[in-house]
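Structure file coords_26.pdb (PDB, C-alpha atoms) follows.
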```
ATOM      1  CA  MET A 288    -204.000 -30.386 -50.521
ATOM      2  CA  SER A 289    -202.693 -30.306 -46.953
ATOM      3  CA  ILE A 290    -204.247 -28.538 -43.999
ATOM      4  CA  LEU A 291    -202.796 -26.847 -40.924
ATOM      5  CA  HIS A 292    -205.128 -27.092 -37.927
ATOM      6  CA  THR A 293    -204.510 -24.884 -34.889
ATOM      7  CA  ILE A 294    -206.061 -25.694 -31.490
ATOM      8  CA  SER A 295    -205.997 -22.974 -28.847
ATOM      9  CA  LYS A 296    -208.119 -24.363 -25.991
ATOM     10  CA  PRO A 297    -207.299 -27.079 -23.417
ATOM     11  CA  PRO A 298    -208.385 -30.747 -23.723
ATOM     12  CA  SER A 299    -211.547 -30.052 -21.701
ATOM     13  CA  SER A 300    -212.811 -27.973 -24.657
ATOM     14  CA  GLY A 301    -213.328 -31.105 -26.768
ATOM     15  CA  LEU A 302    -211.901 -29.317 -29.819
ATOM     16  CA  LEU A 303    -209.394 -32.054 -30.567
ATOM     17  CA  GLU A 304    -212.199 -34.628 -30.737
ATOM     18  CA  SER A 305    -213.865 -32.470 -33.389
ATOM     19  CA  CYS A 306    -210.651 -32.040 -35.329
ATOM     20  CA  LEU A 307    -209.325 -35.636 -35.243
ATOM     21  CA  PRO A 308    -211.785 -37.240 -37.704
ATOM     22  CA  LEU A 309    -210.859 -34.676 -40.362
ATOM     23  CA  LEU A 310    -207.121 -35.345 -40.383
ATOM     24  CA  LYS A 311    -205.411 -36.786 -43.452
ATOM     25  CA  ALA A 312    -201.794 -37.815 -44.049
ATOM     26  CA  GLY A 313    -199.699 -34.719 -44.634
ATOM     27  CA  ASP A 314    -201.761 -32.520 -42.337
ATOM     28  CA  CYS A 315    -200.384 -30.812 -39.245
ATOM     29  CA  VAL A 316    -202.030 -29.982 -35.928
ATOM     30  CA  LEU A 317    -200.392 -27.065 -34.145
ATOM     31  CA  PHE A 318    -201.240 -26.505 -30.477
ATOM     32  CA  ILE A 319    -201.097 -22.880 -29.364
ATOM     33  CA  GLU A 320    -202.160 -20.824 -26.305
ATOM     34  CA  ASP A 321    -204.079 -23.063 -23.829
ATOM     35  CA  GLY A 322    -204.114 -25.760 -26.518
ATOM     36  CA  VAL A 323    -200.581 -26.709 -25.456
ATOM     37  CA  PHE A 324    -202.035 -28.528 -22.429
ATOM     38  CA  HIS A 325    -202.785 -31.355 -24.889
ATOM     39  CA  CYS A 326    -199.074 -32.036 -25.175
ATOM     40  CA  ILE A 327    -198.602 -33.633 -21.743
ATOM     41  CA  ASN A 328    -200.678 -36.660 -22.797
ATOM     42  CA  SER A 329    -200.617 -38.197 -26.251
ATOM     43  CA  ASN A 330    -202.591 -41.452 -25.890
ATOM     44  CA  GLN A 331    -205.598 -40.131 -27.716
ATOM     45  CA  LEU A 332    -203.556 -39.010 -30.728
ATOM     46  CA  VAL A 333    -201.407 -42.035 -31.453
ATOM     47  CA  ASP A 334    -204.098 -44.321 -32.866
ATOM     48  CA  GLY A 335    -204.865 -43.973 -36.524
ATOM     49  CA  ASN A 336    -203.088 -40.697 -37.203
ATOM     50  CA  LEU A 337    -200.090 -41.890 -39.184
ATOM     51  CA  GLY A 338    -198.651 -39.207 -41.401
ATOM     52  CA  VAL A 339    -200.098 -36.371 -39.334
ATOM     53  CA  LYS A 340    -197.620 -34.066 -37.632
ATOM     54  CA  PHE A 341    -198.397 -32.801 -34.117
ATOM     55  CA  CYS A 342    -196.665 -29.618 -33.129
ATOM     56  CA  ALA A 343    -196.674 -27.168 -30.191
ATOM     57  CA  LEU A 344    -195.622 -23.549 -29.818
ATOM     58  CA  THR A 345    -192.626 -23.286 -27.507
ATOM     59  CA  GLU A 346    -193.483 -19.825 -26.128
ATOM     60  CA  ASP A 347    -196.839 -21.088 -24.876
ATOM     61  CA  LEU A 348    -195.278 -24.279 -23.452
ATOM     62  CA  GLU A 349    -192.687 -22.285 -21.554
ATOM     63  CA  ALA A 350    -195.217 -19.815 -20.191
ATOM     64  CA  ARG A 351    -197.285 -22.640 -18.709
ATOM     65  CA  GLY A 352    -194.428 -24.692 -17.257
ATOM     66  CA  LEU A 353    -194.823 -27.469 -19.825
ATOM     67  CA  ARG A 354    -191.523 -27.222 -21.712
ATOM     68  CA  ASN A 355    -190.132 -30.382 -20.076
ATOM     69  CA  ARG A 356    -193.449 -32.252 -19.976
ATOM     70  CA  VAL A 357    -194.084 -32.527 -23.706
ATOM     71  CA  THR A 358    -194.469 -36.165 -24.797
ATOM     72  CA  PRO A 359    -192.159 -37.256 -27.671
ATOM     73  CA  LEU A 360    -195.009 -37.389 -30.204
ATOM     74  CA  PHE A 361    -195.003 -33.586 -30.421
ATOM     75  CA  SER A 362    -192.436 -31.517 -32.206
ATOM     76  CA  VAL A 363    -191.857 -28.001 -30.927
ATOM     77  CA  THR A 364    -191.760 -24.816 -32.953
ATOM     78  CA  ASN A 365    -191.400 -21.089 -32.222
ATOM     79  CA  THR A 366    -193.269 -18.087 -33.580
ATOM     80  CA  PRO A 367    -191.222 -17.773 -36.827
ATOM     81  CA  GLY A 368    -191.843 -21.528 -37.296
ATOM     82  CA  PHE A 369    -195.573 -20.877 -36.820
ATOM     83  CA  VAL A 370    -195.464 -18.310 -39.618
ATOM     84  CA  GLU A 371    -193.578 -20.763 -41.822
ATOM     85  CA  LEU A 372    -196.257 -23.416 -41.267
ATOM     86  CA  CYS A 373    -198.986 -20.929 -42.146
ATOM     87  CA  VAL A 374    -197.246 -20.209 -45.448
ATOM     88  CA  ARG A 375    -196.426 -23.822 -46.296
ATOM     89  CA  PHE A 376    -199.909 -25.337 -45.931
ATOM     90  CA  ASP A 377    -202.682 -24.862 -48.455
ATOM     91  CA  LYS A 378    -205.379 -24.159 -45.876
ATOM     92  CA  ILE A 379    -205.466 -23.146 -42.220
ATOM     93  CA  VAL A 380    -208.299 -24.167 -39.921
ATOM     94  CA  ASN A 381    -208.404 -22.549 -36.472
ATOM     95  CA  TRP A 382    -210.186 -24.399 -33.673
ATOM     96  CA  PHE A 383    -211.027 -22.089 -30.756
TER
ATOM     97  CA  MET B1315    -227.261  -2.332  13.272
ATOM     98  CA  SER B1316    -223.975  -3.319  14.819
ATOM     99  CA  ASP B1317    -220.772  -1.389  14.243
ATOM    100  CA  GLN B1318    -218.911  -4.609  13.558
ATOM    101  CA  PRO B1319    -218.261  -5.168   9.853
ATOM    102  CA  THR B1320    -220.029  -8.218   8.485
ATOM    103  CA  ARG B1321    -217.742 -11.153   8.059
ATOM    104  CA  LYS B1322    -218.770 -13.727   5.501
ATOM    105  CA  THR B1323    -217.261 -16.821   3.964
ATOM    106  CA  PHE B1324    -216.477 -16.511   0.249
ATOM    107  CA  LEU B1325    -215.736 -19.664  -1.687
ATOM    108  CA  VAL B1326    -213.826 -19.131  -4.947
ATOM    109  CA  LEU B1327    -213.818 -21.987  -7.483
ATOM    110  CA  SER B1328    -211.157 -21.299 -10.105
ATOM    111  CA  ARG B1329    -211.621 -23.526 -13.144
ATOM    112  CA  GLN B1330    -209.740 -21.899 -16.026
ATOM    113  CA  ALA B1331    -206.162 -22.455 -17.173
ATOM    114  CA  PRO B1332    -203.873 -19.412 -16.832
ATOM    115  CA  TYR B1333    -202.988 -16.908 -19.596
ATOM    116  CA  GLY B1334    -205.532 -18.116 -22.205
ATOM    117  CA  GLY B1335    -208.362 -16.068 -20.700
ATOM    118  CA  TYR B1336    -209.176 -13.549 -17.986
ATOM    119  CA  LYS B1337    -211.063 -15.785 -15.538
ATOM    120  CA  ALA B1338    -208.052 -17.257 -13.763
ATOM    121  CA  GLN B1339    -206.708 -13.786 -12.969
ATOM    122  CA  GLN B1340    -210.142 -12.499 -11.970
ATOM    123  CA  SER B1341    -210.861 -15.322  -9.547
ATOM    124  CA  LEU B1342    -207.547 -14.527  -7.873
ATOM    125  CA  ASP B1343    -208.409 -10.809  -7.757
ATOM    126  CA  ILE B1344    -211.763 -11.613  -6.120
ATOM    127  CA  ALA B1345    -210.019 -13.697  -3.486
ATOM    128  CA  LEU B1346    -207.370 -11.088  -2.703
ATOM    129  CA  ALA B1347    -209.844  -8.182  -2.631
ATOM    130  CA  SER B1348    -212.174 -10.117  -0.333
ATOM    131  CA  ALA B1349    -209.291 -10.991   1.960
ATOM    132  CA  VAL B1350    -208.223  -7.328   2.159
ATOM    133  CA  PHE B1351    -211.725  -6.498   3.437
ATOM    134  CA  GLU B1352    -211.294  -9.124   6.150
ATOM    135  CA  GLN B1353    -213.635 -11.702   4.710
ATOM    136  CA  ASP B1354    -213.004 -15.413   5.121
ATOM    137  CA  VAL B1355    -211.870 -16.727   1.764
ATOM    138  CA  ILE B1356    -211.583 -20.335   0.669
ATOM    139  CA  PHE B1357    -209.872 -20.895  -2.693
ATOM    140  CA  VAL B1358    -210.286 -24.076  -4.743
ATOM    141  CA  PHE B1359    -208.434 -25.060  -7.925
ATOM    142  CA  LEU B1360    -210.818 -27.179  -9.950
ATOM    143  CA  GLY B1361    -210.723 -28.671 -13.468
ATOM    144  CA  ASP B1362    -208.320 -26.798 -15.764
ATOM    145  CA  GLY B1363    -207.725 -24.396 -12.867
ATOM    146  CA  VAL B1364    -205.112 -26.812 -11.519
ATOM    147  CA  PHE B1365    -202.865 -25.760 -14.428
ATOM    148  CA  GLN B1366    -202.544 -22.338 -12.747
ATOM    149  CA  ILE B1367    -200.287 -23.776 -10.073
ATOM    150  CA  LEU B1368    -197.977 -25.925 -12.217
ATOM    151  CA  SER B1369    -194.331 -25.282 -11.430
ATOM    152  CA  ASN B1370    -191.747 -23.831 -13.861
ATOM    153  CA  GLN B1371    -194.057 -21.285 -15.511
ATOM    154  CA  LYS B1372    -192.129 -18.679 -17.526
ATOM    155  CA  PRO B1373    -194.811 -16.451 -19.040
ATOM    156  CA  GLY B1374    -192.273 -13.817 -20.071
ATOM    157  CA  ALA B1375    -192.227 -15.697 -23.383
ATOM    158  CA  ILE B1376    -195.777 -14.457 -24.062
ATOM    159  CA  ASN B1377    -195.436 -11.131 -22.217
ATOM    160  CA  ALA B1378    -197.651 -12.186 -19.312
ATOM    161  CA  LYS B1379    -197.105 -12.026 -15.561
ATOM    162  CA  PRO B1380    -196.583 -15.354 -13.774
ATOM    163  CA  MET B1381    -199.744 -16.678 -12.118
ATOM    164  CA  GLY B1382    -198.019 -19.199  -9.878
ATOM    165  CA  GLY B1383    -196.181 -16.399  -8.066
ATOM    166  CA  ALA B1384    -199.323 -14.327  -7.627
ATOM    167  CA  LEU B1385    -201.057 -17.309  -6.077
ATOM    168  CA  GLU B1386    -198.348 -17.573  -3.451
ATOM    169  CA  THR B1387    -199.579 -14.186  -2.241
ATOM    170  CA  LEU B1388    -202.907 -15.805  -1.256
ATOM    171  CA  GLN B1389    -201.382 -16.878   2.031
ATOM    172  CA  LEU B1390    -199.772 -13.466   2.434
ATOM    173  CA  TYR B1391    -203.245 -11.913   2.241
ATOM    174  CA  GLY B1392    -204.563 -14.248   4.897
ATOM    175  CA  VAL B1393    -206.197 -16.819   2.648
ATOM    176  CA  GLU B1394    -205.249 -19.903   4.628
ATOM    177  CA  GLU B1395    -207.598 -22.404   3.050
ATOM    178  CA  VAL B1396    -206.350 -23.301  -0.430
ATOM    179  CA  TYR B1397    -207.502 -26.573  -1.941
ATOM    180  CA  VAL B1398    -206.804 -28.473  -5.136
ATOM    181  CA  ASP B1399    -209.245 -31.043  -6.478
ATOM    182  CA  GLN B1400    -207.589 -34.449  -6.508
ATOM    183  CA  SER B1401    -209.677 -35.912  -9.330
ATOM    184  CA  SER B1402    -208.825 -32.905 -11.543
ATOM    185  CA  LEU B1403    -205.131 -33.603 -10.918
ATOM    186  CA  ASP B1404    -205.585 -37.320 -11.623
ATOM    187  CA  ALA B1405    -207.403 -36.651 -14.901
ATOM    188  CA  ARG B1406    -204.459 -34.508 -16.067
ATOM    189  CA  HIS B1407    -201.774 -36.962 -14.920
ATOM    190  CA  LEU B1408    -200.478 -34.458 -12.342
ATOM    191  CA  THR B1409    -199.508 -34.880  -8.686
ATOM    192  CA  GLN B1410    -199.001 -32.513  -5.744
ATOM    193  CA  SER B1411    -195.246 -32.548  -6.462
ATOM    194  CA  ASP B1412    -195.886 -30.799  -9.818
ATOM    195  CA  LEU B1413    -197.438 -27.781  -8.067
ATOM    196  CA  VAL B1414    -195.938 -24.540  -6.718
ATOM    197  CA  VAL B1415    -198.648 -23.803  -4.180
ATOM    198  CA  ASP B1416    -199.002 -25.842  -1.033
ATOM    199  CA  ALA B1417    -202.660 -26.797  -1.473
ATOM    200  CA  GLN B1418    -204.695 -29.373   0.390
ATOM    201  CA  ALA B1419    -206.166 -32.195  -1.678
ATOM    202  CA  LEU B1420    -209.938 -32.164  -1.959
ATOM    203  CA  ASP B1421    -212.581 -34.717  -2.948
ATOM    204  CA  ASN B1422    -216.180 -34.193  -4.076
ATOM    205  CA  ASP B1423    -217.680 -34.736  -0.620
ATOM    206  CA  LYS B1424    -215.403 -32.097   0.884
ATOM    207  CA  LEU B1425    -216.222 -29.696  -1.975
ATOM    208  CA  VAL B1426    -219.956 -30.067  -1.344
ATOM    209  CA  GLU B1427    -219.264 -29.434   2.323
ATOM    210  CA  LEU B1428    -217.360 -26.234   1.460
ATOM    211  CA  ILE B1429    -220.162 -25.028  -0.812
ATOM    212  CA  ASN B1430    -222.757 -25.673   1.878
ATOM    213  CA  GLY B1431    -220.656 -23.830   4.439
ATOM    214  CA  ALA B1432    -220.031 -20.734   2.280
ATOM    215  CA  ASP B1433    -222.164 -17.570   2.269
ATOM    216  CA  CYS B1434    -221.237 -16.842  -1.326
ATOM    217  CA  VAL B1435    -219.752 -18.953  -4.128
ATOM    218  CA  PHE B1436    -217.779 -17.500  -7.041
ATOM    219  CA  ASN B1437    -217.456 -20.078  -9.793
ATOM    220  CA  LEU B1438    -215.346 -19.024 -12.772
TER
END
```
Represent the structure contained in this file as structure tokens.
Amino acid sequence: MSILHTISKPPSSGLLESCLPLLKAGDCVLFIEDGVFHCINSNQLVDGNLGVKFCALTEDLEARGLRNRVTPLFSVTNTPGFVELCVRFDKIVNWF
Amino acid sequence: MSDQPTRKTFLVLSRQAPYGGYKAQQSLDIALASAVFEQDVIFVFLGDGVFQILSNQKPGAINAKPMGGALETLQLYGVEEVYVDQSSLDARHLTQSDLVVDAQALDNDKLVELINGADCVFNL
């Protein structure tokens, strides 16, 4: 069973802190809307999250001027890729 | 009653990132509308609000209008005092060179001073 988590609010929301303890290998965290502001700083994510994929939506990165600020930990996907993720994972949990 | 219109100082604290909600746009609208009615407006980017003035925004990708460009109109409308909170920038690993708007850096003491000096504070 693998889970896709989406986070749509900036780091100040504290949503990532709520989500992190639930992550298991094979899960994916996708940052969308204002959630993409997480992607300019990855320190918090690196520890103890082996096997978890961190992903950001390119349209939202571009809109906010972050396309060239994404740290290497994050892979980037577009809207069709978002749909693909939704289909591929067993469960989706939205954090907002 | 004097015939002179009342002139007051409005302090706008803008604390929300752009595009994800309506508050960033509304704080800007308040500032511009107040300036049109010849009020003294001071605009402060605080907390996540500093993300509004990051350079290289291309919101066409999400069918939104660019905020950075709209903020440049602040000066056009006579809003001369635009500040950005330095500690908010530091916390987000940003510097003045990442920003589109020419804003003065601000610390907590100066912010308290601005609040004390304002007739009205909009905080959103």
message = Neighbouring residues of Leu1420 in chain B were defined as those with any atom within 6 Å, considering only C-alpha atoms; residues of the same chain fewer than 6 positions away were excluded. Please report them as number ranges by chain.
response = B: 1398-1400
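CA of Thr364 in chain A sits 18.8 Å away from CA of Lys378 in chain A.
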Counting only C-alpha atoms, which residues from chain A have an atom at most 9 Å from any atom of chain B, and could you show them as a ChimeraX atom specification? /A:295-299,320-322,324,327-328,345-354
Output C-alpha atoms for every residue in the selection just made, as a compact mmCIF listing (two decimals), keeping the file's coordinate frame.
```
# COMPACT_ATOMS: atom_id res chain seq x y z
CA SER A 295 -206.00 -22.97 -28.85
CA LYS A 296 -208.12 -24.36 -25.99
CA PRO A 297 -207.30 -27.08 -23.42
CA PRO A 298 -208.38 -30.75 -23.72
CA SER A 299 -211.55 -30.05 -21.70
CA GLU A 320 -202.16 -20.82 -26.30
CA ASP A 321 -204.08 -23.06 -23.83
CA GLY A 322 -204.11 -25.76 -26.52
CA PHE A 324 -202.04 -28.53 -22.43
CA ILE A 327 -198.60 -33.63 -21.74
CA ASN A 328 -200.68 -36.66 -22.80
CA THR A 345 -192.63 -23.29 -27.51
CA GLU A 346 -193.48 -19.82 -26.13
CA ASP A 347 -196.84 -21.09 -24.88
CA LEU A 348 -195.28 -24.28 -23.45
CA GLU A 349 -192.69 -22.28 -21.55
CA ALA A 350 -195.22 -19.82 -20.19
CA ARG A 351 -197.28 -22.64 -18.71
CA GLY A 352 -194.43 -24.69 -17.26
CA LEU A 353 -194.82 -27.47 -19.82
CA ARG A 354 -191.52 -27.22 -21.71
```
- Which is closest to Leu307 in chain A among A:Met288, A:Leu344, A:Ile319, A:Leu332, if we use only C-alpha atoms?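 So, comparing all the options, the nearest one is A:Leu332.
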- Task: In Å, rounded to a single decimal, give me how far CA of Thr366 in chain A is from CA of Ser289 in chain A.
- Result: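 Computing it gives 20.4 Å between the two atoms.
Across the structure, CA of Ala1417 in chain B and CA of Cys326 in chain A are spaced 24.5 Å apart.
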Starting from the shown file, work through the PyMOL selection byres ((chain B and resi 1348-1351) around 8) and note down what comes out as a list of chain:residue names. B:Phe1324, B:Ile1344, B:Ala1345, B:Leu1346, B:Ala1347, B:Glu1352, B:Gln1353, B:Asp1354, B:Val1355, B:Tyr1391, B:Gly1392, B:Val1393
Residues within 12 Å of Leu1425 in chain B, all atoms listed in the file, excluding chain neighbours under 6 positions, as an mmCIF file with C-alpha atoms, keeping the file's coordinate frame:
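Final output, saved to selection.cif:
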```
data_model
loop_
_atom_site.group_PDB
_atom_site.id
_atom_site.type_symbol
_atom_site.label_atom_id
_atom_site.label_comp_id
_atom_site.auth_asym_id
_atom_site.auth_seq_id
_atom_site.Cartn_x
_atom_site.Cartn_y
_atom_site.Cartn_z
ATOM 1 C CA LEU B 1325 -215.736 -19.664 -1.687
ATOM 2 C CA VAL B 1326 -213.826 -19.131 -4.947
ATOM 3 C CA LEU B 1327 -213.818 -21.987 -7.483
ATOM 4 C CA ILE B 1356 -211.583 -20.335 0.669
ATOM 5 C CA PHE B 1357 -209.872 -20.895 -2.693
ATOM 6 C CA VAL B 1358 -210.286 -24.076 -4.743
ATOM 7 C CA PHE B 1359 -208.434 -25.060 -7.925
ATOM 8 C CA LEU B 1360 -210.818 -27.179 -9.950
ATOM 9 C CA VAL B 1396 -206.350 -23.301 -0.430
ATOM 10 C CA TYR B 1397 -207.502 -26.573 -1.941
ATOM 11 C CA VAL B 1398 -206.804 -28.473 -5.136
ATOM 12 C CA ASP B 1399 -209.245 -31.043 -6.478
ATOM 13 C CA GLN B 1400 -207.589 -34.449 -6.508
ATOM 14 C CA SER B 1401 -209.677 -35.912 -9.330
ATOM 15 C CA GLN B 1418 -204.695 -29.373 0.390
ATOM 16 C CA ALA B 1419 -206.166 -32.195 -1.678
ATOM 17 C CA GLY B 1431 -220.656 -23.830 4.439
ATOM 18 C CA ALA B 1432 -220.031 -20.734 2.280
ATOM 19 C CA VAL B 1435 -219.752 -18.953 -4.128
#
```
Using the chain letters and numbers from this file, what does the PyMOL selection byres ((chain A and resi 316) around 8) select? Give the answer as a short mmCIF file (atom, residue, chain, number, x, y, z; two decimals) with C-alpha atoms, in the frame of the given file.
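Contents of part-v7.cif, freshly written:
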```cif
data_model
loop_
_atom_site.label_atom_id
_atom_site.label_comp_id
_atom_site.auth_asym_id
_atom_site.auth_seq_id
_atom_site.Cartn_x
_atom_site.Cartn_y
_atom_site.Cartn_z
CA LEU A 291 -202.80 -26.85 -40.92
CA HIS A 292 -205.13 -27.09 -37.93
CA THR A 293 -204.51 -24.88 -34.89
CA ILE A 294 -206.06 -25.69 -31.49
CA ASP A 314 -201.76 -32.52 -42.34
CA CYS A 315 -200.38 -30.81 -39.24
CA LEU A 317 -200.39 -27.06 -34.15
CA PHE A 318 -201.24 -26.50 -30.48
CA VAL A 339 -200.10 -36.37 -39.33
CA LYS A 340 -197.62 -34.07 -37.63
CA PHE A 341 -198.40 -32.80 -34.12
CA CYS A 342 -196.66 -29.62 -33.13
#
```
Taking the file as shown, what set of residues would the PyMOL selection byres ((chain A and resi 338) around 6) give back, as a ChimeraX atom specification? /A:312-313,337,339
Please dump the current selection as a PDB file, keeping the file's coordinate frame; keep C-alpha atoms.
```
ATOM      1  CA  ALA A 312    -201.794 -37.815 -44.049  1.00  0.00           C
ATOM      2  CA  GLY A 313    -199.699 -34.719 -44.634  1.00  0.00           C
ATOM      3  CA  LEU A 337    -200.090 -41.890 -39.184  1.00  0.00           C
ATOM      4  CA  VAL A 339    -200.098 -36.371 -39.334  1.00  0.00           C
TER       5      VAL A 339
END
```
